[in-house]
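Here is final-v9.pdb, consisting of PDB, C-alpha atoms:
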```pdb
MODEL        1
ATOM      1  CA  MET A   1     -49.437   2.279  -3.969
ATOM      2  CA  ILE A   2     -52.040   2.910  -1.263
ATOM      3  CA  LEU A   3     -51.188   4.086   2.241
ATOM      4  CA  HIS A   4     -53.660   3.541   5.059
ATOM      5  CA  GLY A   5     -54.057   5.591   8.188
ATOM      6  CA  MET A   6     -56.362   7.330  10.635
ATOM      7  CA  LEU A   7     -57.359  10.996  10.672
ATOM      8  CA  HIS A   8     -58.452  12.570  13.965
ATOM      9  CA  GLU A   9     -60.539  15.660  13.331
ATOM     10  CA  PRO A  10     -61.251  18.417  15.845
ATOM     11  CA  ASP A  11     -64.656  19.898  16.574
ATOM     12  CA  PRO A  12     -65.518  22.290  13.716
ATOM     13  CA  GLY A  13     -65.771  25.266  16.035
ATOM     14  CA  GLN A  14     -62.327  24.657  17.522
ATOM     15  CA  GLU A  15     -60.211  23.688  14.526
ATOM     16  CA  ARG A  16     -56.956  25.566  14.018
ATOM     17  CA  ARG A  17     -56.482  24.526  10.372
ATOM     18  CA  VAL A  18     -53.157  22.922  11.336
ATOM     19  CA  CYS A  19     -52.446  19.203  11.002
ATOM     20  CA  ILE A  20     -50.028  17.306  13.243
ATOM     21  CA  LEU A  21     -48.363  14.517  11.281
ATOM     22  CA  LEU A  22     -47.621  11.598  13.613
ATOM     23  CA  LEU A  23     -45.126   9.641  11.551
ATOM     24  CA  SER A  24     -44.455   5.978  12.251
ATOM     25  CA  PRO A  25     -41.561   5.179  14.610
ATOM     26  CA  GLY A  26     -39.366   2.596  12.931
ATOM     27  CA  ILE A  27     -41.463  -0.452  12.091
ATOM     28  CA  LYS A  28     -44.120  -0.049  14.804
ATOM     29  CA  GLY A  29     -46.683   1.611  12.583
ATOM     30  CA  ARG A  30     -49.358   4.205  13.178
ATOM     31  CA  VAL A  31     -50.385   3.049  16.678
ATOM     32  CA  GLY A  32     -46.938   3.461  18.218
ATOM     33  CA  PRO A  33     -45.567   1.588  21.225
ATOM     34  CA  HIS A  34     -48.164   1.004  23.986
ATOM     35  CA  ARG A  35     -50.676   2.951  21.848
ATOM     36  CA  LEU A  36     -48.661   6.140  22.353
ATOM     37  CA  TYR A  37     -49.869   7.741  19.131
ATOM     38  CA  LEU A  38     -53.517   7.267  20.105
ATOM     39  CA  LYS A  39     -52.901   9.119  23.374
ATOM     40  CA  ILE A  40     -51.135  11.936  21.531
ATOM     41  CA  ALA A  41     -53.805  12.168  18.826
ATOM     42  CA  GLU A  42     -56.700  12.332  21.280
ATOM     43  CA  ARG A  43     -55.047  15.103  23.304
ATOM     44  CA  PHE A  44     -54.132  17.303  20.355
ATOM     45  CA  ALA A  45     -57.379  16.773  18.431
ATOM     46  CA  ALA A  46     -59.219  17.996  21.534
ATOM     47  CA  MET A  47     -57.091  21.156  21.311
ATOM     48  CA  GLY A  48     -58.304  21.861  17.773
ATOM     49  CA  PHE A  49     -55.626  20.196  15.649
ATOM     50  CA  HIS A  50     -56.142  17.705  12.882
ATOM     51  CA  VAL A  51     -53.930  14.701  13.614
ATOM     52  CA  LEU A  52     -52.963  12.255  10.878
ATOM     53  CA  ARG A  53     -51.215   8.996  11.699
ATOM     54  CA  PHE A  54     -50.634   6.485   8.941
ATOM     55  CA  ASP A  55     -48.556   3.470   7.983
ATOM     56  CA  PHE A  56     -45.602   4.047   5.723
ATOM     57  CA  TYR A  57     -45.048   1.971   2.593
ATOM     58  CA  GLY A  58     -44.410  -1.655   3.575
ATOM     59  CA  LEU A  59     -45.676  -1.244   7.146
ATOM     60  CA  GLY A  60     -48.940  -2.066   8.878
ATOM     61  CA  ASP A  61     -51.982  -1.890   6.606
ATOM     62  CA  SER A  62     -50.267  -0.003   3.793
ATOM     63  CA  GLU A  63     -49.215  -1.655   0.564
ATOM     64  CA  GLY A  64     -45.666  -2.680  -0.229
ATOM     65  CA  GLU A  65     -42.968  -4.879   1.236
ATOM     66  CA  VAL A  66     -39.809  -4.318   3.256
ATOM     67  CA  ASP A  67     -36.777  -6.013   1.695
ATOM     68  CA  GLU A  68     -34.221  -5.408   4.451
ATOM     69  CA  ARG A  69     -33.371  -8.470   6.539
ATOM     70  CA  LEU A  70     -31.789  -6.616   9.479
ATOM     71  CA  LEU A  71     -33.580  -4.035  11.601
ATOM     72  CA  SER A  72     -30.457  -1.865  11.727
ATOM     73  CA  ASP A  73     -30.467  -1.669   7.922
ATOM     74  CA  MET A  74     -34.136  -0.712   7.953
ATOM     75  CA  TYR A  75     -33.575   1.989  10.555
ATOM     76  CA  ASN A  76     -30.630   3.407   8.642
ATOM     77  CA  THR A  77     -32.687   3.794   5.467
ATOM     78  CA  ILE A  78     -35.335   5.638   7.483
ATOM     79  CA  GLN A  79     -32.703   8.041   8.799
ATOM     80  CA  ASP A  80     -31.504   8.498   5.238
ATOM     81  CA  GLY A  81     -34.968   9.683   4.129
ATOM     82  CA  ARG A  82     -36.731   6.466   3.149
ATOM     83  CA  TYR A  83     -40.193   7.855   3.959
ATOM     84  CA  VAL A  84     -39.919  11.473   2.885
ATOM     85  CA  GLY A  85     -41.965  10.723  -0.236
ATOM     86  CA  ASP A  86     -44.734   9.091   1.825
ATOM     87  CA  THR A  87     -44.842  12.112   4.136
ATOM     88  CA  LEU A  88     -45.152  14.497   1.196
ATOM     89  CA  ALA A  89     -47.978  12.344  -0.198
ATOM     90  CA  ALA A  90     -49.813  12.522   3.138
ATOM     91  CA  MET A  91     -49.524  16.302   3.168
ATOM     92  CA  ASP A  92     -50.833  16.504  -0.391
ATOM     93  CA  TRP A  93     -53.776  14.303   0.601
ATOM     94  CA  MET A  94     -54.617  16.505   3.583
ATOM     95  CA  GLN A  95     -54.459  19.619   1.438
ATOM     96  CA  GLN A  96     -56.650  18.167  -1.313
ATOM     97  CA  ASN A  97     -59.232  16.492   0.916
ATOM     98  CA  CYS A  98     -59.347  18.676   4.026
ATOM     99  CA  GLY A  99     -58.035  22.010   2.825
ATOM    100  CA  VAL A 100     -55.270  21.948   5.452
ATOM    101  CA  ARG A 101     -52.005  23.478   4.236
ATOM    102  CA  ARG A 102     -50.078  23.941   7.495
ATOM    103  CA  PHE A 103     -48.391  21.086   9.312
ATOM    104  CA  VAL A 104     -46.524  20.139  12.450
ATOM    105  CA  GLY A 105     -43.996  17.366  11.783
ATOM    106  CA  SER A 106     -43.959  14.930  14.662
ATOM    107  CA  GLY A 107     -43.224  11.382  15.697
ATOM    108  CA  LEU A 108     -41.109   9.177  17.885
ATOM    109  CA  CYS A 109     -37.532   8.340  16.850
ATOM    110  CA  GLY A 110     -37.643   7.397  13.145
ATOM    111  CA  GLY A 111     -40.880   9.355  12.764
ATOM    112  CA  SER A 112     -39.200  12.540  13.939
ATOM    113  CA  ILE A 113     -36.215  12.241  11.600
ATOM    114  CA  SER A 114     -38.607  11.523   8.703
ATOM    115  CA  ALA A 115     -40.477  14.712   9.597
ATOM    116  CA  MET A 116     -37.319  16.809   9.778
ATOM    117  CA  LEU A 117     -35.918  15.553   6.472
ATOM    118  CA  THR A 118     -39.296  16.290   4.864
ATOM    119  CA  ALA A 119     -39.399  19.758   6.421
ATOM    120  CA  ALA A 120     -36.035  20.515   4.833
ATOM    121  CA  GLN A 121     -37.748  20.064   1.459
ATOM    122  CA  ASP A 122     -41.239  21.426   2.119
ATOM    123  CA  PRO A 123     -42.059  24.660   4.020
ATOM    124  CA  ARG A 124     -45.619  23.459   4.654
ATOM    125  CA  ILE A 125     -44.172  21.873   7.788
ATOM    126  CA  GLU A 126     -44.166  25.046   9.859
ATOM    127  CA  SER A 127     -42.997  23.522  13.135
ATOM    128  CA  MET A 128     -41.544  20.316  14.584
ATOM    129  CA  LEU A 129     -42.488  18.348  17.693
ATOM    130  CA  ALA A 130     -39.799  15.663  17.850
ATOM    131  CA  LEU A 131     -39.689  12.794  20.334
ATOM    132  CA  SER A 132     -36.277  11.143  20.779
ATOM    133  CA  ILE A 133     -34.950  12.198  17.388
ATOM    134  CA  PRO A 134     -31.905  10.118  16.328
ATOM    135  CA  THR A 135     -28.732  11.947  15.385
ATOM    136  CA  ALA A 136     -26.637   8.889  14.503
ATOM    137  CA  PHE A 137     -27.158   5.796  12.390
ATOM    138  CA  ASP A 138     -28.091   2.511  13.993
ATOM    139  CA  GLY A 139     -25.193   0.218  13.162
ATOM    140  CA  GLY A 140     -26.010  -2.667  15.477
ATOM    141  CA  GLU A 141     -23.989  -3.740  18.515
ATOM    142  CA  ALA A 142     -20.604  -3.545  16.790
ATOM    143  CA  ASN A 143     -21.056   0.050  15.692
ATOM    144  CA  TRP A 144     -22.637   1.036  18.987
ATOM    145  CA  ALA A 145     -19.510  -0.201  20.732
ATOM    146  CA  ARG A 146     -17.284   1.680  18.336
ATOM    147  CA  PHE A 147     -19.100   5.000  18.467
ATOM    148  CA  ALA A 148     -20.346   5.194  22.086
ATOM    149  CA  THR A 149     -20.332   8.759  23.381
ATOM    150  CA  SER A 150     -18.213   9.925  26.329
ATOM    151  CA  ARG A 151     -21.156   9.836  28.727
ATOM    152  CA  GLN A 152     -22.077   6.346  27.586
ATOM    153  CA  LEU A 153     -18.519   5.192  28.249
ATOM    154  CA  VAL A 154     -18.701   6.533  31.811
ATOM    155  CA  GLY A 155     -21.860   4.519  32.419
ATOM    156  CA  ILE A 156     -20.306   1.412  30.877
ATOM    157  CA  ARG A 157     -17.235   1.720  33.094
ATOM    158  CA  ARG A 158     -19.343   2.070  36.233
ATOM    159  CA  GLY A 159     -21.284  -1.022  35.239
ATOM    160  CA  TYR A 160     -18.095  -3.036  34.804
ATOM    161  CA  PHE A 161     -16.830  -1.951  38.228
ATOM    162  CA  LYS A 162     -20.089  -2.987  39.912
ATOM    163  CA  ARG A 163     -19.807  -6.488  38.424
ATOM    164  CA  LEU A 164     -16.166  -7.103  39.347
ATOM    165  CA  LEU A 165     -17.034  -9.414  42.258
ATOM    166  CA  LYS A 166     -19.570 -11.476  40.329
ATOM    167  CA  PRO A 167     -18.215 -14.817  39.002
ATOM    168  CA  GLU A 168     -20.457 -14.741  35.928
ATOM    169  CA  ALA A 169     -18.832 -11.451  34.862
ATOM    170  CA  TRP A 170     -15.389 -13.056  34.862
ATOM    171  CA  VAL A 171     -16.721 -16.098  32.999
ATOM    172  CA  ARG A 172     -18.098 -13.750  30.357
ATOM    173  CA  PHE A 173     -14.752 -11.945  30.184
ATOM    174  CA  MET A 174     -12.695 -15.143  29.885
ATOM    175  CA  THR A 175     -14.951 -16.713  27.252
ATOM    176  CA  GLY A 176     -14.738 -13.780  24.844
ATOM    177  CA  LYS A 177     -18.293 -12.508  25.366
ATOM    178  CA  THR A 178     -17.184  -9.128  26.693
ATOM    179  CA  SER A 179     -16.848  -6.288  24.214
ATOM    180  CA  TYR A 180     -13.132  -5.700  24.807
ATOM    181  CA  HIS A 181     -13.025  -2.671  22.526
ATOM    182  CA  VAL A 182     -15.701  -0.876  24.560
ATOM    183  CA  LEU A 183     -14.080  -1.905  27.833
ATOM    184  CA  TRP A 184     -10.741  -0.487  26.712
ATOM    185  CA  ARG A 185     -12.299   2.767  25.475
ATOM    186  CA  SER A 186     -14.126   3.254  28.779
ATOM    187  CA  LEU A 187     -11.025   2.528  30.882
ATOM    188  CA  LYS A 188      -8.803   4.681  28.683
ATOM    189  CA  GLN A 189     -10.816   7.732  29.751
ATOM    190  CA  MET A 190      -9.313   7.378  33.229
ATOM    191  CA  LEU A 191      -5.706   7.670  32.085
ATOM    192  CA  PRO A 192      -4.271  11.109  32.940
ATOM    193  CA  TRP A 193      -2.405  11.337  29.655
ATOM    194  CA  ALA A 194      -5.355  10.159  27.538
ATOM    195  CA  ALA A 195      -6.232  12.779  24.945
ATOM    196  CA  LYS A 196      -9.820  13.855  24.723
ATOM    197  CA  GLU A 197     -11.624  12.718  21.596
ATOM    198  CA  PRO A 198     -11.971  15.724  19.269
ATOM    199  CA  ALA A 199     -15.417  17.088  18.633
ATOM    200  CA  THR A 200     -14.434  18.619  15.317
ATOM    201  CA  ALA A 201     -11.409  19.325  13.169
ATOM    202  CA  PRO A 202     -11.604  22.611  11.236
ATOM    203  CA  SER A 203     -10.416  22.491   7.666
ATOM    204  CA  LYS A 204      -7.440  24.634   6.668
ATOM    205  CA  THR A 205      -9.318  26.177   3.777
ATOM    206  CA  GLY A 206     -12.024  27.688   5.968
ATOM    207  CA  ALA A 207     -14.691  25.540   4.318
ATOM    208  CA  ALA A 208     -17.123  23.410   6.310
ATOM    209  CA  ALA A 209     -15.383  21.696   9.184
ATOM    210  CA  GLU A 210     -14.406  18.096   8.613
ATOM    211  CA  ARG A 211     -15.996  15.770  11.134
ATOM    212  CA  PRO A 212     -14.269  12.889  12.848
ATOM    213  CA  ARG A 213     -15.103   9.488  11.456
ATOM    214  CA  ASP A 214     -18.177   8.325  13.336
ATOM    215  CA  ASP A 215     -21.763   7.183  12.909
ATOM    216  CA  THR A 216     -23.384  10.632  12.776
ATOM    217  CA  ASN A 217     -26.079  10.992  10.126
ATOM    218  CA  PRO A 218     -24.617  13.512   7.633
ATOM    219  CA  LYS A 219     -28.124  14.687   6.701
ATOM    220  CA  PHE A 220     -29.069  15.608  10.263
ATOM    221  CA  ALA A 221     -27.166  18.872  10.748
ATOM    222  CA  PRO A 222     -28.013  20.414   7.344
ATOM    223  CA  ALA A 223     -31.734  19.623   7.789
ATOM    224  CA  PHE A 224     -31.857  20.893  11.376
ATOM    225  CA  LEU A 225     -29.972  24.100  10.622
ATOM    226  CA  LYS A 226     -32.020  24.812   7.507
ATOM    227  CA  PHE A 227     -35.206  24.427   9.531
ATOM    228  CA  VAL A 228     -34.329  26.810  12.348
ATOM    229  CA  ARG A 229     -32.630  29.300  10.038
ATOM    230  CA  SER A 230     -35.967  29.618   8.249
ATOM    231  CA  LYS A 231     -37.391  30.800  11.615
ATOM    232  CA  ARG A 232     -39.572  27.762  12.063
ATOM    233  CA  HIS A 233     -39.961  26.499  15.616
ATOM    234  CA  MET A 234     -38.948  23.110  16.974
ATOM    235  CA  LEU A 235     -39.552  21.397  20.329
ATOM    236  CA  LEU A 236     -37.409  18.343  21.033
ATOM    237  CA  PHE A 237     -38.124  15.832  23.784
ATOM    238  CA  PHE A 238     -35.541  13.349  25.018
ATOM    239  CA  SER A 239     -35.822  10.669  27.665
ATOM    240  CA  GLY A 240     -33.436  10.810  30.600
ATOM    241  CA  ARG A 241     -32.488   7.133  30.295
ATOM    242  CA  ASP A 242     -32.062   7.165  26.520
ATOM    243  CA  ARG A 243     -28.693   7.492  24.760
ATOM    244  CA  LEU A 244     -30.209   9.658  21.996
ATOM    245  CA  GLN A 245     -29.915  12.841  24.036
ATOM    246  CA  TRP A 246     -26.198  12.176  24.547
ATOM    247  CA  ASP A 247     -25.810  11.633  20.817
ATOM    248  CA  PHE A 248     -27.620  14.912  20.136
ATOM    249  CA  GLU A 249     -25.484  16.867  22.593
ATOM    250  CA  GLU A 250     -22.090  15.430  21.636
ATOM    251  CA  LYS A 251     -22.499  14.707  17.939
ATOM    252  CA  PHE A 252     -24.580  17.731  16.959
ATOM    253  CA  GLU A 253     -24.813  20.545  19.501
ATOM    254  CA  ALA A 254     -21.147  20.495  20.513
ATOM    255  CA  ARG A 255     -20.010  20.567  16.888
ATOM    256  CA  HIS A 256     -22.348  23.332  15.757
ATOM    257  CA  ARG A 257     -22.487  25.525  18.852
ATOM    258  CA  ALA A 258     -21.376  28.676  17.050
ATOM    259  CA  GLU A 259     -24.101  28.212  14.425
ATOM    260  CA  LEU A 260     -26.785  27.236  16.939
ATOM    261  CA  ASP A 261     -26.295  29.921  19.576
ATOM    262  CA  PRO A 262     -27.907  32.731  17.521
ATOM    263  CA  LEU A 263     -30.834  30.410  16.734
ATOM    264  CA  ARG A 264     -31.698  29.276  20.280
ATOM    265  CA  GLY A 265     -34.983  31.134  20.140
ATOM    266  CA  TYR A 266     -36.291  28.776  17.487
ATOM    267  CA  PHE A 267     -35.697  25.431  19.191
ATOM    268  CA  GLU A 268     -36.159  24.105  22.691
ATOM    269  CA  VAL A 269     -34.954  20.865  24.264
ATOM    270  CA  LYS A 270     -36.898  19.183  27.075
ATOM    271  CA  THR A 271     -35.858  16.106  29.036
ATOM    272  CA  ILE A 272     -38.321  13.719  30.671
ATOM    273  CA  ALA A 273     -36.296  12.617  33.697
ATOM    274  CA  ASP A 274     -35.876   8.854  34.206
ATOM    275  CA  ALA A 275     -38.026   8.086  31.155
ATOM    276  CA  ASN A 276     -37.188   5.333  28.700
ATOM    277  CA  HIS A 277     -37.144   5.614  24.922
ATOM    278  CA  ILE A 278     -40.827   4.823  24.360
ATOM    279  CA  LEU A 279     -42.257   6.757  27.353
ATOM    280  CA  SER A 280     -43.924   3.611  28.680
ATOM    281  CA  ASN A 281     -44.952   5.185  31.998
ATOM    282  CA  PRO A 282     -48.258   7.152  31.807
ATOM    283  CA  ALA A 283     -46.716   9.882  33.980
ATOM    284  CA  TRP A 284     -43.978  10.427  31.380
ATOM    285  CA  VAL A 285     -46.561  10.658  28.606
ATOM    286  CA  GLN A 286     -48.606  13.147  30.629
ATOM    287  CA  GLU A 287     -45.566  15.345  31.281
ATOM    288  CA  MET A 288     -44.688  15.359  27.581
ATOM    289  CA  LEU A 289     -48.268  16.167  26.531
ATOM    290  CA  ASP A 290     -48.593  19.005  29.049
ATOM    291  CA  LEU A 291     -45.349  20.663  27.932
ATOM    292  CA  ALA A 292     -46.131  20.107  24.255
ATOM    293  CA  GLY A 293     -49.617  21.550  24.680
ATOM    294  CA  VAL A 294     -48.266  24.817  26.096
ATOM    295  CA  TRP A 295     -45.746  25.029  23.252
ATOM    296  CA  LEU A 296     -48.372  24.317  20.574
ATOM    297  CA  ASP A 297     -50.644  27.018  21.977
ATOM    298  CA  ARG A 298     -47.804  29.507  21.642
ATOM    299  CA  VAL A 299     -46.619  28.488  18.170
ATOM    300  CA  HIS A 300     -50.050  27.743  16.667
ATOM    301  CA  PRO A 301     -52.569  29.730  18.751
ATOM    302  CA  ALA A 302     -56.274  29.025  18.524
ATOM    303  CA  ARG A 303     -58.153  31.092  15.964
ATOM    304  CA  ARG A 304     -60.441  33.818  17.267
TER     305      ARG A 304
ENDMDL
END
```

Would you write out, as structure tokens, the structure that this file holds?
Amino acid sequence: MILHGMLHEPDPGQERRVCILLLSPGIKGRVGPHRLYLKIAERFAAMGFHVLRFDFYGLGDSEGEVDERLLSDMYNTIQDGRYVGDTLAAMDWMQQNCGVRRFVGSGLCGGSISAMLTAAQDPRIESMLALSIPTAFDGGEANWARFATSRQLVGIRRGYFKRLLKPEAWVRFMTGKTSYHVLWRSLKQMLPWAAKEPATAPSKTGAAAERPRDDTNPKFAPAFLKFVRSKRHMLLFFSGRDRLQWDFEEKFEARHRAELDPLRGYFEVKTIADANHILSNPAWVQEMLDLAGVWLDRVHPARR
């Protein structure tokens, strides 16, 4: 199996001997949406980093085929570690061919979770620069409706109220096209006697807390906690108009607050206000790159 990609090399006099792995987001390949990965690679290579972006098995120019018929199934296998082996192979290649043994795991969405699951296995990933990392599985519209977070439900309810006077909204409601389950969940929040949905239910034995039945990726918390407990640094970016930050806050941070509080010095969370999932506005990209550049200089300073 042959994987194909592009390596951006820094000027020899500026190289930091650290490689940033830009791992493919979902099925979009090594270029990223609106050539995002090219913009990232050019900025960080100019700072002295090697930057490797490549196509995973079955994507882009790399060999192999993807058997899944539904995108949600494909995304779920990625969040389960589908491309950890490919990431390890890329690191081995960089070490053998370029002598680089230190890595920053990075990528958008599926690329970031692939990096984190790899970092849980391999300490060569010394830091993480994650863009819109997913905490929960992608179960399609039905599962999204079932597992919407509290903040998502508030937004859904406001949207329903705004459309109350529009005839097409009532036609949709009467013809069965409305997601009645989501509508009921969002309205139920307003009831004074409605119980809040539990964030966690501690086990009686004192073992690991049992989580409520939801779509949270069970590999996320162990990988994240293992990474920061090893005193490796992580910078997470979320977009202000993207549900993934709400997932992260409600399905991970809220449940592991006691474990995370002593480790706050090893991870930072930044929000790009009003940005969408893929950072399609150049101003959003610039803000992310500026903040990430300052962080990289601190975590991986230039060699003297």

Please expand the PyMOL selection byres ((chain A and resi 219) around 12) into the concrete residues it hits in this file, giving the result as number ranges by chain. A: 76-81, 113-114, 116-118, 120, 134-137, 215-218, 220-226, 252

For this file, the PyMOL selection byres ((chain A and resi 71) around 9) selects which residues, as an MDAnalysis selection string? chainID A and resid 26:27 68:70 72:76 138 140

Have a look at A:Pro10, A:Gly293, A:Gly58, A:Pro282 and name the one nearest to Arg35 in chain A; count all atoms listed in the file. A:Pro282

Quick one: apply the PyMOL selection byres ((chain A and resi 101) around 9) to the file and drop the selected residues here as a list of chain:residue names.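 When the PyMOL selection byres ((chain A and resi 101) around 9) is applied, the selected residues are A:Arg17, A:Val18, A:Cys19, A:Met91, A:Asp92, A:Met94, A:Gln95, A:Gln96, A:Cys98, A:Gly99, A:Val100, A:Arg102, A:Phe103, A:Arg124, A:Ile125.
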
Could you tell me which of A:Gly107, A:Asn97, A:Ala46, A:Ser239 comes closest to Asp274 in chain A if we count all atoms listed in the file?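 Between A:Gly107, A:Asn97, A:Ala46, A:Ser239, the residue approaching Asp274 in chain A most closely is A:Ser239.
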
Box centre and edge lengths (Å, one decimal), axis-aligned, range 81-100 of chain A plus 5 Å each side, as AutoDock Vina command-line options:
```
--center_x -47.2 --center_y 14.2 --center_z 2.1 --size_x 34.4 --size_y 25.5 --size_z 16.8
```

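What separates CA of Ile272 in chain A from CA of Gly240 in chain A is a distance of 5.7 Å.
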
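Of the residues under consideration (A:Glu259, A:Glu268, A:Cys109, A:Gly64), A:Cys109 shows the shortest atom-to-atom contact distance to Ile133 in chain A when counting all atoms listed in the file.
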
Could you check the closest approach to Gly85 in chain A for each of A:Leu52, A:Leu3, A:Val154, A:Ala41 and tell me which residue wins, using all atoms listed in the file? A:Leu3

Hey, which of A:Arg229, A:Arg82, A:Arg243, A:Arg53 ends up closest to Tyr266 in chain A? Count all atoms listed in the file.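 Of A:Arg229, A:Arg82, A:Arg243, A:Arg53, the one nearest Tyr266 in chain A is A:Arg229, counting all atoms listed in the file.
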
Measuring atom to atom with only C-alpha atoms, identify which of A:Glu15, A:Glu253, A:Glu9, A:Asp214 is nearest to Phe267 in chain A.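 Ranked by minimum distance to Phe267 in chain A, first place goes to A:Glu253.
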
Please report the interatomic distance between CA of Leu88 in chain A and CA of Val51 in chain A in Å with one decimal.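 Between CA of Leu88 in chain A and CA of Val51 in chain A the gap works out to 15.2 Å.
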